[in-house]
Amino acid sequence: MTTQRAAGTKTIKSKIRPIKKTSISDDIVEQIMTLISKGDLKAGQRLPSERELCKTFGAGRSSLREALRCLSIVGVLTARVGEGTSVALDGGKFLEKIVEWRLITEKHDIENLIEVRLALEGVSAASAAERGTAANHDLLRGLLEKMKAAVNDEKRFAALDLEFHVNVAKASENQLLFDLISMIRGQLAKVLSKVLLLPQARPLSLKEHVLIVDAILRRDSVAARGAMQTHLEAALTRYRTAIESNPA
């Protein structure tokens, strides 16, 4: 085990280059992320010691610690007292932080995320039709009835809309699809609730949801995918209209 660990440490050290950028900690972050993305550092793998990393990077301990702390905050690394620092086993927290950051810093990301939903949720609806259990379908039917009752209540309708799409993803029986859709829907919740303030937005959205549920209950995956994509395309159009009418 010791020999294998030493070999792994030697391999990682051989791929690290001396720092040349002004921001030393940023360069360290970039290099570690590159090692992870290329598979040189794998989930759960321990990093070399701080002393070894400082020597290999050609960086001071404060810069190294700043980089490791940043990567730990966003969930890329896990630091434990007495065990050192290792690559996180679960990258979900990191993915969520990246999406949050891009939403804050890049003007067009909200529209991009809505477009991503078109692809993800089309698959989700089709899979829900094919694989969803009777219990899954009953839940969607119940949520649709609640949405009908809440069509005049913007906040309630928005909350049910979010719950509906997440449960369609759950019915897909695809955990990764569920995780991605849940994350994106959560990021867009506030924006989409504002879209529902547009005249006739909720009645139109409700009709679109009815078509989605009808197709899922018939176990018609093609129709379910089409109905979901039609709904999301309409939602994207409504979003653009909302932005044009109120850019702020």
# chains A, B, ... in the order shown; residues from 1 in each chain; ligands from 1
$ residues_around --residues "Ile216 (chain A)" --least-positions-apart "4" --cutoff "12 Å" --atoms "only C-alpha atoms" --output "mmCIF file with C-alpha atoms, in the first residue's frame"
data_model
loop_
_atom_site.group_PDB
_atom_site.id
_atom_site.type_symbol
_atom_site.label_atom_id
_atom_site.label_comp_id
_atom_site.auth_asym_id
_atom_site.auth_seq_id
_atom_site.Cartn_x
_atom_site.Cartn_y
_atom_site.Cartn_z
ATOM 1 C CA GLY A 122 -37.733 16.049 -22.708
ATOM 2 C CA VAL A 123 -35.836 12.885 -21.834
ATOM 3 C CA SER A 124 -37.245 13.029 -18.312
ATOM 4 C CA ALA A 125 -40.871 13.089 -19.507
ATOM 5 C CA ALA A 126 -40.285 10.280 -21.997
ATOM 6 C CA SER A 127 -38.653 8.135 -19.314
ATOM 7 C CA ALA A 128 -41.429 8.932 -16.842
ATOM 8 C CA ALA A 129 -43.931 7.599 -19.376
ATOM 9 C CA GLU A 130 -41.911 4.432 -19.933
ATOM 10 C CA ARG A 131 -40.612 3.674 -16.440
ATOM 11 C CA GLY A 132 -42.758 5.605 -13.977
ATOM 12 C CA THR A 133 -44.660 3.541 -11.441
ATOM 13 C CA ALA A 134 -48.383 3.812 -10.779
ATOM 14 C CA ASN A 136 -45.359 8.178 -9.582
ATOM 15 C CA HIS A 137 -48.203 8.762 -12.007
ATOM 16 C CA ASP A 138 -50.761 9.182 -9.239
ATOM 17 C CA LEU A 139 -48.538 11.837 -7.678
ATOM 18 C CA LEU A 140 -48.284 13.748 -10.965
ATOM 19 C CA ARG A 141 -52.048 13.557 -11.403
ATOM 20 C CA VAL A 168 -41.445 13.988 -13.421
ATOM 21 C CA ALA A 169 -37.667 13.655 -13.138
ATOM 22 C CA ALA A 171 -40.469 9.170 -12.160
ATOM 23 C CA SER A 172 -37.811 8.809 -14.870
ATOM 24 C CA HIS A 209 -48.927 20.584 -18.033
ATOM 25 C CA VAL A 210 -52.211 18.789 -18.715
ATOM 26 C CA LEU A 211 -50.872 17.579 -22.069
ATOM 27 C CA ILE A 212 -47.667 16.375 -20.412
ATOM 28 C CA ASP A 220 -46.674 7.463 -24.712
ATOM 29 C CA SER A 221 -43.017 8.447 -24.430
ATOM 30 C CA VAL A 222 -42.901 10.239 -27.794
ATOM 31 C CA ALA A 223 -45.925 12.394 -26.969
ATOM 32 C CA ALA A 224 -44.623 13.036 -23.449
ATOM 33 C CA ARG A 225 -41.293 14.265 -24.767
ATOM 34 C CA GLY A 226 -43.032 16.454 -27.340
ATOM 35 C CA ALA A 227 -45.467 17.914 -24.815
ATOM 36 C CA MET A 228 -42.668 18.727 -22.378
#
$ select_by_dssp --residues "region 75-175 of chain A" --states "helix (DSSP H, G or I)" --output "PyMOL selection string"
chain A and resi 92-105+109-131+134-149+154-171+175
$ residues_around --residues "region 146-148 of chain A" --least-positions-apart "3" --cutoff "9 Å" --atoms "only C-alpha atoms" --output "PyMOL selection string"
chain A and resi 141-143+151-152+156-158+160-161+203+206
$ residues_around --residues "region 234-236 of chain A" --least-positions-apart "2" --cutoff "12 Å" --atoms "only C-alpha atoms" --output "ChimeraX atom specification"
/A:110-118,161,188,191-196,198,201-202,204-209,227-232,238-243
$ atom_distance --atom1 "CA of Met183 (chain A)" --atom2 "CA of Ser37 (chain A)"
21.2 Å
$ atom_distance --atom1 "CA of Arg65 (chain A)" --atom2 "CA of Gln31 (chain A)"
14.3 Å
$ select_by_dssp --residues "region 9-166 of chain A" --states "strand (DSSP E or B)" --output "number ranges by chain"
A: 46, 77-80, 84-87
$ residues_around --residues "Leu35 (chain A)" --least-positions-apart "5" --cutoff "12 Å" --atoms "only C-alpha atoms" --output "list in words"
Thr11, Ile12, Lys13, Ser14, Lys15, Ile16, Arg17, Ile28, Val29, Glu30, Asp40, Leu41, Lys42, Ala43, Gln45, Leu47, Val76 and Val87 of chain A
$ closest_residue --among "A:Ala88, A:Glu163, A:Ala67, A:Ile73" --to "Cys54 (chain A)" --atoms "only C-alpha atoms"
A:Ala67
